[in-house]
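Chemist: Sharing a structure, written as structure tokens. Questions coming.
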Amino acid sequence: MSSADIYREIILDYYRNPRNYGKIDNPDISKRDSNPLCGDELEMHINLKDNKVSDVKFTGKGCAISQASASMLTELIMGKDFEYVKKLTKEEILENLGLPDLGPARIKCALLSLKVLKYGIYSYLSEKLNDATSADKIKEEASGLF
Amino acid sequence: MQTSTINIENIRRDFPILQRKVHNNKPLVYFDNAATTQKPIQVIDSIHNYYLNYNSNIHRAVHQLAEEATAAYELTRDKVAKFINVKNREELIFVRGTTEAINLIAYSWGRQNVQKNDIVVTTEYEHHSNIVPWQLLTKEKDAKLEYIGVDDNGELILDQLDDYLNTERVKLVTFSHMSNVLGTITNAEEIIRKCHKKGVKVLVDAAQSVPHMKVDIQKLDCDFFAFSAHKMLGPTGVGVLWARKEILENMQPFNGGGDMIREVHKYETTWNDLPYKFEAGTPNIADVIGFSAALDYLENIGMDKVREHEIELTKYALEKMSAIKGIKLYGTPDMKKRGGVISFNLGDIHPHDLATIIDEDGVAIRSGHHCAQVLMERLDVSATSRASFYIYNTKEEVDVFIRSLNRARELFRI
């Protein structure tokens, strides 16, 4: 993908004016991770109610792709069934970003948000719900992202 | 295609990789030389020739191939001695790189000489390789690690060194001779003079200085000195550690094994002479031999000319860059105090986005924290972009870089 395709108005807008930026007090799900190669950081907070995402916020530092991806992911999952959120794939994230063909050097930037989300769900399932089987499955998906 | 000092056209012909095209036929503009430089054909041929014609282990066998390989390997040591003006060749130890050299000092010398409540002083503009080994050592010994700060010009605040030295507890001061991020050239002579007055040992991380300027160990008068071949036209996997003979003789070995011993008995071993005491195992023979050709190449050009060329190129680039809207340049504008490294940020474009965009135009630069997160904290940024030059870079390439930066600026609507 050429950078003219990557850095479209919408990506720059989400980078400069991130939606759902911030923190939640005592969230049900809370996870922070960074990409050691470039130092991008991301923290995601989620509240659940009636098995749906009732609130989601993120904070972070990093490139336009990683930050826009995180912000768009929060919009994508807001109000959605927890089951749907658990099953999100990397293809869906890239499609949602409008960047289906990112090269190997930058795909990590786009997928950091999904990785944080999946690890967050893993901690929630294993520590709060004691559902080891589902937790292990999602952990495997998270570690397989990059 | 020429600065006033060296014939770049001739030099570029020796680097086949500079002919290659990237991203839909764009000529490669390689500005990531502080990370590693390209290799001239002479270096590549020399390694090739070793494997084709005289590959053999060194130092012990008596056959002809071993004699030839040993001679070529040891010849590199002599060339290094001449290159940085070392008096005793046995003070030069081949290691994997600067990182291994510093770890060797921290492990062997540090464990013997740094005790509880002692202080090791480093600086805020160090590469992680000159921070982490000292964290490991000082934590193990319950000693202290202190930092000389960096001012807004990107220079060390040397008054802070005096304060540390006055505690009378400092055992070692270790610093980068040239910052890999800011390009600042450290006033090494002054630091060494101050330390030696107090009997404090000094380690110079010369990974960024030896490749780019004339360095004279005897004039410098430090105690430990380390640099890497691959940042000066040589192969990866070869580094040089120099230390004073009396220090090396009193140091315990780092690795135990073959080649570093004199006699091995069931429970006792005596050590081989210097430098072999610190070169356990089969070394990186081919690449040490390849490094010899890199040293010849630089000697032929002359390190003063290398430096002059980089000053001219850096001055030109800084002038053009400072005219770009939204640019922030780090480091001192005084060319006497800096090398050919330019760290910068452009508006709110994250360095990784910037590097992706200009890579499309064939320009290879570095983006990120450059293994210097302590300095990033000091500069209050998470990352910078970095362009770094070498003998084969041209003003025309700088022009391509500048055009590309402006394209990125337009793409981000700055």
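Chain labels run A, B, ... following the order of the structure tokens; each chain numbers its residues from 1, and ligands are numbered from 1 in the order shown.
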Using only C-alpha atoms, I'd like every residue of chain B that has an atom within 6 Å of chain A; please write them out as JSON, numbers by chain.
Modeler: {"B": [350, 357, 368]}
Chemist: Please give the complete set of residues from segment 267-412 of chain B that DSSP, run on the backbone, assigns to helix (DSSP H, G or I), formatted as JSON, numbers by chain.
Modeler: {"B": [276, 277, 278, 285, 286, 287, 288, 289, 290, 291, 292, 293, 294, 295, 296, 297, 298, 299, 300, 301, 303, 304, 305, 306, 307, 308, 309, 310, 311, 312, 313, 314, 315, 316, 317, 318, 319, 320, 321, 322, 335, 336, 337, 351, 352, 353, 354, 355, 356, 357, 358, 359, 373, 374, 375, 376, 377, 378, 379, 395, 396, 397, 398, 399, 400, 401, 402, 403, 404, 405, 406, 407, 408, 409, 410, 411]}
Chemist: With only C-alpha atoms as the atoms that count, which of A:Asp50, A:Asp136, A:Asp131, A:Asp101 lies nearest to Asp5 of chain A?
Modeler: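 Checking each candidate against Asp5 of chain A, we get A:Asp101 as the closest.
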Chemist: Quick one: distance from atom CA of Asn88 of chain B to atom CA of Ala61 of chain B in Å, one decimal?
Modeler: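 Spanning atom CA of Asn88 of chain B to atom CA of Ala61 of chain B is a straight-line distance of 25.5 Å.
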Chemist: Excluding segment 396-399 of chain B and any residue of its chain fewer than 6 positions from it, enumerate the residues within 10 Å of it, using only C-alpha atoms, and give them as JSON, numbers by chain.
Modeler: {"B": [1, 2, 27, 28, 29, 30, 31, 313, 314, 316, 317, 318, 320, 321, 363, 387, 389, 405]}
Chemist: Fewer than 3 positions away in the same chain doesn't count, so skip those; otherwise give me all residues within 10 Å of segment 87-91 of chain A, counting only C-alpha atoms, as a PyMOL selection string.
Modeler: chain A and resi 77+82-84+94-97+99-101+107+110-111+114-115+117-118+138+141-142+145
